[in-house]
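Everything below belongs to input20.cif, which stores mmCIF, C-alpha atoms and all ligand atoms.
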```cif
data_input
#
loop_
_atom_site.label_atom_id
_atom_site.label_comp_id
_atom_site.auth_asym_id
_atom_site.auth_seq_id
_atom_site.Cartn_x
_atom_site.Cartn_y
_atom_site.Cartn_z
CA MET A 1 19.71 -94.27 23.97
CA ASN A 2 19.49 -96.37 20.81
CA LYS A 3 19.94 -99.80 22.44
CA PRO A 4 16.99 -102.23 22.32
CA ILE A 5 14.65 -103.25 25.14
CA GLY A 6 14.64 -106.99 25.88
CA VAL A 7 11.27 -108.65 26.49
CA PHE A 8 10.74 -112.31 27.36
CA ASP A 9 8.15 -114.89 28.29
CA SER A 10 7.84 -118.66 28.43
CA GLY A 11 6.33 -118.46 24.95
CA VAL A 12 3.97 -116.37 22.85
CA GLY A 13 2.07 -114.75 25.74
CA GLY A 14 4.53 -111.91 26.26
CA LEU A 15 3.82 -110.77 22.70
CA THR A 16 0.60 -109.25 24.09
CA VAL A 17 2.80 -107.08 26.33
CA LEU A 18 5.25 -106.33 23.52
CA LYS A 19 2.34 -105.05 21.46
CA GLU A 20 1.48 -102.46 24.15
CA LEU A 21 5.16 -101.51 24.53
CA THR A 22 5.62 -100.91 20.79
CA GLU A 23 2.54 -98.69 20.72
CA LEU A 24 3.45 -96.56 23.71
CA LEU A 25 7.16 -96.37 22.81
CA PRO A 26 7.28 -96.03 19.01
CA ASN A 27 10.90 -94.83 18.99
CA GLU A 28 12.20 -97.85 20.89
CA ASN A 29 13.63 -101.03 19.36
CA PHE A 30 12.74 -104.38 20.90
CA VAL A 31 14.15 -107.89 21.10
CA TYR A 32 11.61 -110.55 22.07
CA PHE A 33 12.56 -113.99 23.38
CA ALA A 34 9.98 -116.81 23.61
CA ASP A 35 11.21 -119.74 25.67
CA SER A 36 8.93 -122.13 23.80
CA ALA A 37 11.23 -125.11 24.44
CA ASN A 38 10.53 -124.78 28.16
CA ALA A 39 6.90 -123.61 28.15
CA PRO A 40 4.83 -123.75 30.24
CA TYR A 41 6.58 -122.27 33.26
CA GLY A 42 3.42 -122.48 35.40
CA ASP A 43 4.18 -125.76 37.18
CA LYS A 44 7.97 -125.42 37.27
CA SER A 45 9.87 -124.88 40.52
CA LYS A 46 11.21 -121.50 41.55
CA THR A 47 14.79 -122.80 41.10
CA GLN A 48 14.07 -123.92 37.53
CA ILE A 49 12.44 -120.60 36.59
CA VAL A 50 15.28 -118.59 38.13
CA LYS A 51 17.79 -120.55 36.03
CA LEU A 52 15.77 -120.21 32.81
CA SER A 53 15.24 -116.47 33.40
CA ALA A 54 18.95 -115.90 34.04
CA ASN A 55 19.86 -117.73 30.79
CA ILE A 56 17.45 -115.56 28.84
CA ILE A 57 18.58 -112.31 30.45
CA ASP A 58 22.24 -113.26 29.74
CA PHE A 59 21.25 -113.71 26.10
CA LEU A 60 19.37 -110.38 25.98
CA VAL A 61 22.29 -108.61 27.67
CA SER A 62 24.62 -110.14 25.04
CA LEU A 63 22.45 -108.33 22.44
CA ASP A 64 23.11 -105.08 24.31
CA CYS A 65 19.61 -104.58 25.71
CA LYS A 66 19.33 -101.54 27.99
CA LEU A 67 16.30 -102.69 29.99
CA ILE A 68 14.45 -105.97 30.47
CA VAL A 69 10.70 -106.49 30.64
CA VAL A 70 9.74 -109.83 32.16
CA ALA A 71 6.51 -110.23 30.18
CA CYS A 72 5.51 -113.24 32.24
CA ASN A 73 3.66 -113.22 35.57
CA THR A 74 5.07 -116.63 36.51
CA ALA A 75 8.71 -115.68 35.86
CA THR A 76 8.18 -112.39 37.71
CA ALA A 77 6.78 -114.21 40.73
CA ALA A 78 9.67 -116.65 40.88
CA ALA A 79 12.65 -114.68 39.70
CA VAL A 80 12.36 -110.90 39.41
CA ASN A 81 13.77 -110.03 42.84
CA ILE A 82 16.73 -112.35 42.36
CA MET A 83 17.34 -111.02 38.82
CA ARG A 84 17.30 -107.42 40.07
CA LYS A 85 20.14 -108.28 42.47
CA LYS A 86 22.10 -110.17 39.80
CA TYR A 87 21.97 -107.61 36.97
CA LYS A 88 22.69 -103.90 36.85
CA LEU A 89 20.19 -102.95 34.15
CA PRO A 90 16.58 -102.05 35.07
CA ILE A 91 14.21 -105.03 35.13
CA ILE A 92 10.44 -104.50 34.94
CA GLY A 93 8.18 -107.27 36.21
CA LEU A 94 4.54 -108.02 35.74
CA GLU A 95 1.87 -109.08 38.19
CA PRO A 96 -1.86 -109.76 37.94
CA ALA A 97 -3.86 -106.51 38.05
CA VAL A 98 -5.57 -107.35 41.35
CA LYS A 99 -5.34 -103.79 42.68
CA PRO A 100 -7.28 -102.07 39.86
CA ALA A 101 -9.84 -104.89 39.91
CA CYS A 102 -10.38 -104.48 43.67
CA LEU A 103 -10.66 -100.71 43.32
CA GLN A 104 -13.21 -100.97 40.51
CA THR A 105 -15.46 -103.78 41.69
CA LYS A 106 -19.00 -102.90 42.70
CA THR A 107 -20.16 -106.43 43.46
CA LYS A 108 -17.12 -106.94 45.77
CA HIS A 109 -16.26 -110.13 43.93
CA ILE A 110 -13.37 -110.38 41.48
CA GLY A 111 -11.95 -113.35 39.59
CA VAL A 112 -8.29 -114.02 38.83
CA LEU A 113 -7.03 -116.53 36.27
CA ALA A 114 -3.31 -117.31 36.54
CA THR A 115 -0.77 -120.11 36.84
CA LYS A 116 0.10 -122.01 40.00
CA GLY A 117 3.50 -120.27 40.09
CA THR A 118 1.93 -116.81 39.97
CA PHE A 119 -0.50 -117.54 42.82
CA ARG A 120 2.43 -118.89 44.86
CA GLY A 121 4.43 -115.67 44.47
CA ASN A 122 4.74 -112.91 47.07
CA HIS A 123 3.59 -110.14 44.69
CA PHE A 124 0.21 -111.77 44.31
CA LYS A 125 -0.08 -112.78 47.96
CA ASN A 126 0.80 -109.30 49.27
CA THR A 127 -1.61 -107.45 46.98
CA SER A 128 -4.48 -109.86 47.69
CA GLU A 129 -3.84 -109.59 51.43
CA LYS A 130 -4.45 -105.82 51.30
CA TYR A 131 -7.94 -106.16 49.83
CA LYS A 132 -9.16 -109.45 51.24
CA ASP A 133 -11.30 -107.81 53.95
CA TYR A 134 -13.26 -105.77 51.38
CA VAL A 135 -13.33 -107.95 48.30
CA GLU A 136 -13.75 -111.66 47.77
CA ILE A 137 -11.04 -112.79 45.37
CA HIS A 138 -11.90 -115.95 43.43
CA LEU A 139 -8.74 -117.71 42.23
CA GLN A 140 -8.49 -120.19 39.41
CA VAL A 141 -5.39 -121.90 38.03
CA ALA A 142 -6.17 -121.96 34.31
CA LYS A 143 -4.31 -125.16 33.54
CA GLY A 144 -4.09 -126.09 29.87
CA LEU A 145 -4.53 -122.64 28.32
CA VAL A 146 -0.82 -121.95 27.85
CA GLU A 147 -0.38 -125.32 26.11
CA LEU A 148 -3.28 -124.53 23.75
CA ALA A 149 -1.80 -121.12 22.95
CA GLU A 150 1.63 -122.60 22.28
CA ASN A 151 -0.05 -124.99 19.84
CA GLY A 152 -1.68 -122.07 18.05
CA ILE A 153 -5.19 -122.93 19.26
CA PHE A 154 -7.12 -119.83 20.36
CA GLU A 155 -10.72 -120.83 19.64
CA GLY A 156 -12.93 -123.86 19.26
CA GLU A 157 -14.38 -126.57 21.41
CA LYS A 158 -11.35 -127.29 23.60
CA VAL A 159 -10.85 -123.61 24.37
CA ASP A 160 -14.54 -122.99 25.14
CA LYS A 161 -14.74 -126.07 27.37
CA LEU A 162 -11.75 -125.07 29.49
CA LEU A 163 -12.74 -121.41 29.73
CA SER A 164 -16.31 -122.29 30.72
CA LYS A 165 -15.02 -124.63 33.41
CA TYR A 166 -12.83 -121.86 34.84
CA ILE A 167 -14.98 -118.77 34.37
CA LEU A 168 -18.60 -119.91 34.88
CA PRO A 169 -18.21 -120.62 38.63
CA MET A 170 -16.77 -117.11 39.06
CA LYS A 171 -19.59 -115.63 37.00
CA ASN A 172 -22.08 -117.48 39.22
CA ALA A 173 -20.29 -116.00 42.25
CA ASN A 174 -21.17 -112.55 40.85
CA ILE A 175 -17.72 -111.26 39.84
CA ASP A 176 -17.74 -108.01 37.88
CA GLN A 177 -13.96 -107.94 37.21
CA LEU A 178 -11.90 -110.74 35.66
CA VAL A 179 -8.13 -110.39 35.92
CA LEU A 180 -6.11 -112.16 33.25
CA GLY A 181 -3.05 -112.95 35.35
CA CYS A 182 -1.04 -114.61 32.59
CA THR A 183 0.16 -112.87 29.45
CA HIS A 184 -1.03 -115.78 27.28
CA TYR A 185 -4.68 -115.30 28.26
CA PRO A 186 -5.43 -112.07 26.32
CA LEU A 187 -4.81 -114.18 23.19
CA PHE A 188 -8.14 -115.88 24.06
CA TYR A 189 -9.94 -112.55 24.49
CA GLU A 190 -12.83 -113.26 22.08
CA ALA A 191 -13.55 -116.67 23.63
CA ILE A 192 -13.35 -115.20 27.14
CA PHE A 193 -15.65 -112.32 26.24
CA ALA A 194 -18.17 -114.77 24.79
CA ILE A 195 -18.50 -116.21 28.30
CA THR A 196 -18.21 -113.09 30.45
CA GLY A 197 -20.39 -110.79 28.34
CA ASN A 198 -20.60 -107.05 28.90
CA ASN A 199 -21.19 -107.14 32.64
CA ILE A 200 -17.72 -108.36 33.55
CA ASN A 201 -14.73 -106.12 32.98
CA ILE A 202 -11.72 -108.05 31.63
CA ILE A 203 -8.44 -106.64 32.95
CA GLU A 204 -4.94 -107.36 31.65
CA SER A 205 -1.60 -105.87 32.62
CA GLY A 206 0.02 -104.98 29.28
CA LYS A 207 -0.81 -101.26 29.18
CA ALA A 208 0.22 -100.72 32.81
CA VAL A 209 3.57 -102.43 32.19
CA ALA A 210 4.16 -100.30 29.11
CA ARG A 211 3.50 -97.13 31.14
CA ARG A 212 5.83 -98.33 33.91
CA THR A 213 8.53 -99.10 31.31
CA LYS A 214 8.23 -95.58 29.90
CA ASP A 215 8.58 -94.07 33.39
CA VAL A 216 11.67 -96.16 34.13
CA LEU A 217 13.25 -95.21 30.79
CA MET A 218 12.64 -91.52 31.57
CA ILE A 219 13.93 -91.74 35.15
CA ASN A 220 17.11 -93.46 33.92
CA GLN A 221 17.46 -91.11 30.90
CA MET A 222 17.37 -94.10 28.59
CA ILE A 223 14.58 -93.03 26.28
CA ASN A 224 15.41 -93.15 22.55
CA ALA A 225 14.77 -89.69 21.15
CA VAL A 226 15.83 -90.55 17.61
CA GLN A 227 12.84 -90.94 15.26
CA LYS A 228 13.48 -93.99 13.08
CA PRO A 229 11.36 -96.94 11.98
CA GLN A 230 11.01 -99.23 14.95
CA LYS A 231 13.05 -102.45 14.81
CA LEU A 232 11.54 -105.63 16.26
CA SER A 233 13.62 -108.83 16.51
CA PHE A 234 12.09 -112.15 17.49
CA TYR A 235 13.88 -115.16 18.96
CA ALA A 236 12.49 -118.45 20.26
CA SER A 237 14.09 -121.49 21.87
CA LYS A 238 11.90 -123.75 19.72
CA GLU A 239 9.91 -123.29 16.55
CA THR A 240 6.19 -123.53 17.40
CA LYS A 241 2.99 -123.37 15.42
CA ALA A 242 1.94 -120.28 17.26
CA ILE A 243 4.84 -117.87 17.18
CA ASN A 244 4.73 -116.76 13.55
CA ASN A 245 0.94 -116.57 13.58
CA VAL A 246 0.73 -114.54 16.77
CA VAL A 247 3.43 -112.15 15.56
CA ILE A 248 1.57 -111.67 12.27
CA LYS A 249 -1.77 -111.21 14.02
CA LEU A 250 -0.62 -108.75 16.67
CA PHE A 251 1.83 -106.73 14.62
CA LYS A 252 -0.16 -106.74 11.36
CA ILE A 253 2.88 -107.36 9.23
CA GLY A 254 0.79 -108.80 6.44
CA LYS A 255 1.77 -112.03 4.79
CA ILE A 256 5.51 -111.59 5.19
CA LYS A 257 6.79 -114.40 7.39
CA PRO A 258 8.33 -112.75 10.45
CA ASN A 259 11.94 -113.60 10.98
CA VAL A 260 11.90 -115.64 14.18
CA GLU A 261 15.38 -116.93 14.88
CA ILE A 262 15.59 -120.19 16.81
CA ILE A 263 18.26 -120.10 19.54
CA LYS A 264 18.96 -122.87 22.04
CA LEU A 265 20.12 -121.48 25.37
CA ILE A 266 22.35 -124.12 27.02
N1 LIG B 301 2.81 -115.97 30.05
C1 LIG B 301 3.15 -116.65 31.27
C2 LIG B 301 2.60 -115.88 32.46
O1 LIG B 301 2.27 -114.70 32.32
C3 LIG B 301 2.77 -118.07 31.09
C4 LIG B 301 3.06 -119.00 32.17
C5 LIG B 301 3.44 -120.38 31.76
O2 LIG B 301 4.33 -120.55 30.92
O3 LIG B 301 2.88 -121.29 32.35
O4 LIG B 301 2.52 -116.36 33.56
#
```
Can you dump the structure from the file as structure tokens?
Amino acid sequence: MNKPIGVFDSGVGGLTVLKELTELLPNENFVYFADSANAPYGDKSKTQIVKLSANIIDFLVSLDCKLIVVACNTATAAAVNIMRKKYKLPIIGLEPAVKPACLQTKTKHIGVLATKGTFRGNHFKNTSEKYKDYVEIHLQVAKGLVELAENGIFEGEKVDKLLSKYILPMKNANIDQLVLGCTHYPLFYEAIFAITGNNINIIESGKAVARRTKDVLMINQMINAVQKPQKLSFYASKETKAINNVVIKLFKIGKIKPNVEIIKLI
């Protein structure tokens, strides 16, 4: 099926998921929507996020998308169940990779960085509940990181200061797994690694979501068998410093300015 896959996030974070999707599914075309005008979603109410997600999915459906990937942990936590009832097309959500971290830990301590909205959600609560008798899960709302990413700041003093404040207490608590429970955080990978070092495994969800998307495409006989150059379209609700740079960095499209169309949704 030649129709595109719609992918969205509150901003540039979901591009880290899109990157994994494009690699695993080279025959598929993708439309990405960054809701930069409304980022961050982290502190917004469930009602607000449900409304924003529905507006975006309406837009992606108007572009004839065959499947939606909610490349945002916060939007998944607040809205994915409601969206699955509202729309007929398959909707893939994303949640912090707590399960693999709990299965892999040897020290029995894991750390999770995410937004307030993600920690509030049932997906996170249910998964953590299953492992809480065997593993100590150290939670940290990583306030401020999404704002830095949306401003195109991925390194430097401000980044290091925030990351140290969030990660060092977990490191001192002997975590050996650090879950990046927000799709913006892998954009800070180098700065995070500089703090964690080799003894802490950094886990993100992008690859797992890409595999799940492939499975759902196969089950629904939606996979695009036609070999053609992949088409990627980018939309944002506001022009930001970050979007062009992150697209260029992740998708290695050289110096050509990516065509990010700015669309205001209601
Ligand atoms: N990328 C979003 C997530 O995975 C960012 C949340 C936000 O906008 O605060 O949760």
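Environment of ligand LIG 301 (chain B), defined as every protein or nucleic acid residue with an atom within 6 Å of it and counting only C-alpha atoms and all ligand atoms, comprises Asp9, Ser10, Gly13, Gly14, Ala39, Pro40, Tyr41, Gly42, Cys72, Asn73, Thr74, Thr115, Val146, Cys182, Thr183 and His184 of chain A.
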Write out, as CSV, each residue of range 28-128 of chain A that has an atom at most 9 Å from range 215-221 of chain A, together with the closest pair of atoms and their distance in Å to one decimal, counting all atoms listed in the file, rows going by chain and rising number.
```
residue,atom,partner,partner_atom,distance
A:Leu67,CA,A:Leu217,CA,8.1
A:Pro90,CA,A:Val216,CA,7.7
A:Ile92,CA,A:Val216,CA,8.5
```
File of the preceding selection, C-alpha atoms, as a compact mmCIF listing (two decimals), in the coordinates of the input:
```txt
# COMPACT_ATOMS: atom_id res chain seq x y z
CA LEU A 67 16.30 -102.69 29.99
CA PRO A 90 16.58 -102.05 35.07
CA ILE A 92 10.44 -104.50 34.94
```
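Rounded to one decimal, CA of Lys88 in chain A and CA of Phe119 in chain A lie 27.6 Å from each other.
CA of Ser205 in chain A is positioned 9.4 Å from CA of Thr16 in chain A.
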Please identify all polymer residues lying at most 10 Å from the point (23.6, -99.6, 27.4) (file coordinates), using only C-alpha atoms, and present the result as a ChimeraX atom specification. /A:1-5,61,64-67,89,222
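Considering all atoms listed in the file, the residue among A:Ile68, A:Leu178, A:Val50, A:Ile82 positioned nearest to Lys108 in chain A is A:Leu178.
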For Asp133 in chain A: contacts at 12 Å, only C-alpha atoms, fewer than 5 positions along chain excluded, given as an NGL selection string: :A and (102 or 108-109 or 127-128)
Report, in Å with one decimal, the straight-line distance from CA of Ala77 in chain A to CA of Ser62 in chain A. 24.1 Å
Could range 169-180 of chain A be completed with all heavy atoms and returned as a PDB file, in the frame of the given file?
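As written to disk, rebuild-v4.pdb reads:
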```pdb
ATOM      1  N   PRO A 169     -18.014-120.687  37.171  1.00  0.00           N
ATOM      2  CA  PRO A 169     -18.210-120.620  38.630  1.00  0.00           C
ATOM      3  C   PRO A 169     -17.972-119.217  39.195  1.00  0.00           C
ATOM      4  O   PRO A 169     -18.666-118.776  40.114  1.00  0.00           O
ATOM      5  CB  PRO A 169     -17.170-121.603  39.180  1.00  0.00           C
ATOM      6  CG  PRO A 169     -16.886-122.532  38.046  1.00  0.00           C
ATOM      7  CD  PRO A 169     -17.028-121.712  36.807  1.00  0.00           C
ATOM      8  N   MET A 170     -17.031-118.493  38.613  1.00  0.00           N
ATOM      9  CA  MET A 170     -16.770-117.110  39.060  1.00  0.00           C
ATOM     10  C   MET A 170     -17.939-116.202  38.688  1.00  0.00           C
ATOM     11  O   MET A 170     -18.338-115.330  39.448  1.00  0.00           O
ATOM     12  CB  MET A 170     -15.511-116.560  38.395  1.00  0.00           C
ATOM     13  CG  MET A 170     -14.240-117.275  38.730  1.00  0.00           C
ATOM     14  SD  MET A 170     -12.941-116.466  37.779  1.00  0.00           S
ATOM     15  CE  MET A 170     -11.521-117.275  38.457  1.00  0.00           C
ATOM     16  N   LYS A 171     -18.449-116.436  37.467  1.00  0.00           N
ATOM     17  CA  LYS A 171     -19.590-115.630  37.000  1.00  0.00           C
ATOM     18  C   LYS A 171     -20.783-115.879  37.936  1.00  0.00           C
ATOM     19  O   LYS A 171     -21.469-114.936  38.336  1.00  0.00           O
ATOM     20  CB  LYS A 171     -19.921-116.043  35.560  1.00  0.00           C
ATOM     21  CG  LYS A 171     -20.752-115.050  34.820  1.00  0.00           C
ATOM     22  CD  LYS A 171     -20.948-115.466  33.373  1.00  0.00           C
ATOM     23  CE  LYS A 171     -21.979-114.575  32.720  1.00  0.00           C
ATOM     24  NZ  LYS A 171     -22.281-114.967  31.349  1.00  0.00           N
ATOM     25  N   ASN A 172     -20.979-117.143  38.304  1.00  0.00           N
ATOM     26  CA  ASN A 172     -22.080-117.480  39.220  1.00  0.00           C
ATOM     27  C   ASN A 172     -21.851-116.875  40.607  1.00  0.00           C
ATOM     28  O   ASN A 172     -22.800-116.656  41.357  1.00  0.00           O
ATOM     29  CB  ASN A 172     -22.248-118.991  39.338  1.00  0.00           C
ATOM     30  CG  ASN A 172     -22.756-119.572  38.031  1.00  0.00           C
ATOM     31  OD1 ASN A 172     -23.377-118.868  37.237  1.00  0.00           O
ATOM     32  ND2 ASN A 172     -22.470-120.847  37.784  1.00  0.00           N
ATOM     33  N   ALA A 173     -20.598-116.619  40.945  1.00  0.00           N
ATOM     34  CA  ALA A 173     -20.290-116.000  42.250  1.00  0.00           C
ATOM     35  C   ALA A 173     -20.403-114.479  42.174  1.00  0.00           C
ATOM     36  O   ALA A 173     -20.011-113.775  43.106  1.00  0.00           O
ATOM     37  CB  ALA A 173     -18.905-116.419  42.702  1.00  0.00           C
ATOM     38  N   ASN A 174     -20.869-113.972  41.013  1.00  0.00           N
ATOM     39  CA  ASN A 174     -21.170-112.550  40.850  1.00  0.00           C
ATOM     40  C   ASN A 174     -19.927-111.649  40.713  1.00  0.00           C
ATOM     41  O   ASN A 174     -19.938-110.499  41.146  1.00  0.00           O
ATOM     42  CB  ASN A 174     -22.053-112.083  42.023  1.00  0.00           C
ATOM     43  CG  ASN A 174     -22.851-110.850  41.656  1.00  0.00           C
ATOM     44  OD1 ASN A 174     -23.060-110.578  40.469  1.00  0.00           O
ATOM     45  ND2 ASN A 174     -23.262-110.083  42.658  1.00  0.00           N
ATOM     46  N   ILE A 175     -18.859-112.154  40.099  1.00  0.00           N
ATOM     47  CA  ILE A 175     -17.720-111.260  39.840  1.00  0.00           C
ATOM     48  C   ILE A 175     -18.119-110.207  38.810  1.00  0.00           C
ATOM     49  O   ILE A 175     -18.936-110.482  37.922  1.00  0.00           O
ATOM     50  CB  ILE A 175     -16.455-112.023  39.341  1.00  0.00           C
ATOM     51  CG1 ILE A 175     -16.706-112.714  37.984  1.00  0.00           C
ATOM     52  CG2 ILE A 175     -15.931-113.001  40.377  1.00  0.00           C
ATOM     53  CD1 ILE A 175     -15.439-113.040  37.228  1.00  0.00           C
ATOM     54  N   ASP A 176     -17.549-109.002  38.946  1.00  0.00           N
ATOM     55  CA  ASP A 176     -17.740-108.010  37.880  1.00  0.00           C
ATOM     56  C   ASP A 176     -16.397-107.587  37.272  1.00  0.00           C
ATOM     57  O   ASP A 176     -16.349-106.731  36.398  1.00  0.00           O
ATOM     58  CB  ASP A 176     -18.548-106.790  38.364  1.00  0.00           C
ATOM     59  CG  ASP A 176     -17.849-106.014  39.454  1.00  0.00           C
ATOM     60  OD1 ASP A 176     -16.807-106.483  39.973  1.00  0.00           O
ATOM     61  OD2 ASP A 176     -18.327-104.918  39.804  1.00  0.00           O
ATOM     62  N   GLN A 177     -15.295-108.201  37.767  1.00  0.00           N
ATOM     63  CA  GLN A 177     -13.960-107.940  37.210  1.00  0.00           C
ATOM     64  C   GLN A 177     -13.268-109.295  37.042  1.00  0.00           C
ATOM     65  O   GLN A 177     -13.271-110.107  37.973  1.00  0.00           O
ATOM     66  CB  GLN A 177     -13.083-107.108  38.183  1.00  0.00           C
ATOM     67  CG  GLN A 177     -13.756-105.889  38.778  1.00  0.00           C
ATOM     68  CD  GLN A 177     -13.958-104.779  37.769  1.00  0.00           C
ATOM     69  OE1 GLN A 177     -13.123-104.552  36.886  1.00  0.00           O
ATOM     70  NE2 GLN A 177     -15.076-104.097  37.860  1.00  0.00           N
ATOM     71  N   LEU A 178     -12.672-109.509  35.873  1.00  0.00           N
ATOM     72  CA  LEU A 178     -11.900-110.740  35.660  1.00  0.00           C
ATOM     73  C   LEU A 178     -10.473-110.358  35.287  1.00  0.00           C
ATOM     74  O   LEU A 178     -10.236-109.733  34.250  1.00  0.00           O
ATOM     75  CB  LEU A 178     -12.533-111.598  34.554  1.00  0.00           C
ATOM     76  CG  LEU A 178     -11.757-112.880  34.216  1.00  0.00           C
ATOM     77  CD1 LEU A 178     -11.734-113.850  35.404  1.00  0.00           C
ATOM     78  CD2 LEU A 178     -12.372-113.575  33.001  1.00  0.00           C
ATOM     79  N   VAL A 179      -9.540-110.729  36.157  1.00  0.00           N
ATOM     80  CA  VAL A 179      -8.130-110.390  35.920  1.00  0.00           C
ATOM     81  C   VAL A 179      -7.462-111.514  35.148  1.00  0.00           C
ATOM     82  O   VAL A 179      -7.496-112.670  35.576  1.00  0.00           O
ATOM     83  CB  VAL A 179      -7.401-110.184  37.279  1.00  0.00           C
ATOM     84  CG1 VAL A 179      -5.928-109.886  37.051  1.00  0.00           C
ATOM     85  CG2 VAL A 179      -8.061-109.086  38.096  1.00  0.00           C
ATOM     86  N   LEU A 180      -6.873-111.167  34.010  1.00  0.00           N
ATOM     87  CA  LEU A 180      -6.110-112.160  33.250  1.00  0.00           C
ATOM     88  C   LEU A 180      -4.669-112.093  33.752  1.00  0.00           C
ATOM     89  O   LEU A 180      -3.890-111.237  33.356  1.00  0.00           O
ATOM     90  CB  LEU A 180      -6.193-111.861  31.744  1.00  0.00           C
ATOM     91  CG  LEU A 180      -7.604-111.750  31.148  1.00  0.00           C
ATOM     92  CD1 LEU A 180      -7.545-111.590  29.634  1.00  0.00           C
ATOM     93  CD2 LEU A 180      -8.473-112.944  31.534  1.00  0.00           C
TER      94      LEU A 180
END
```
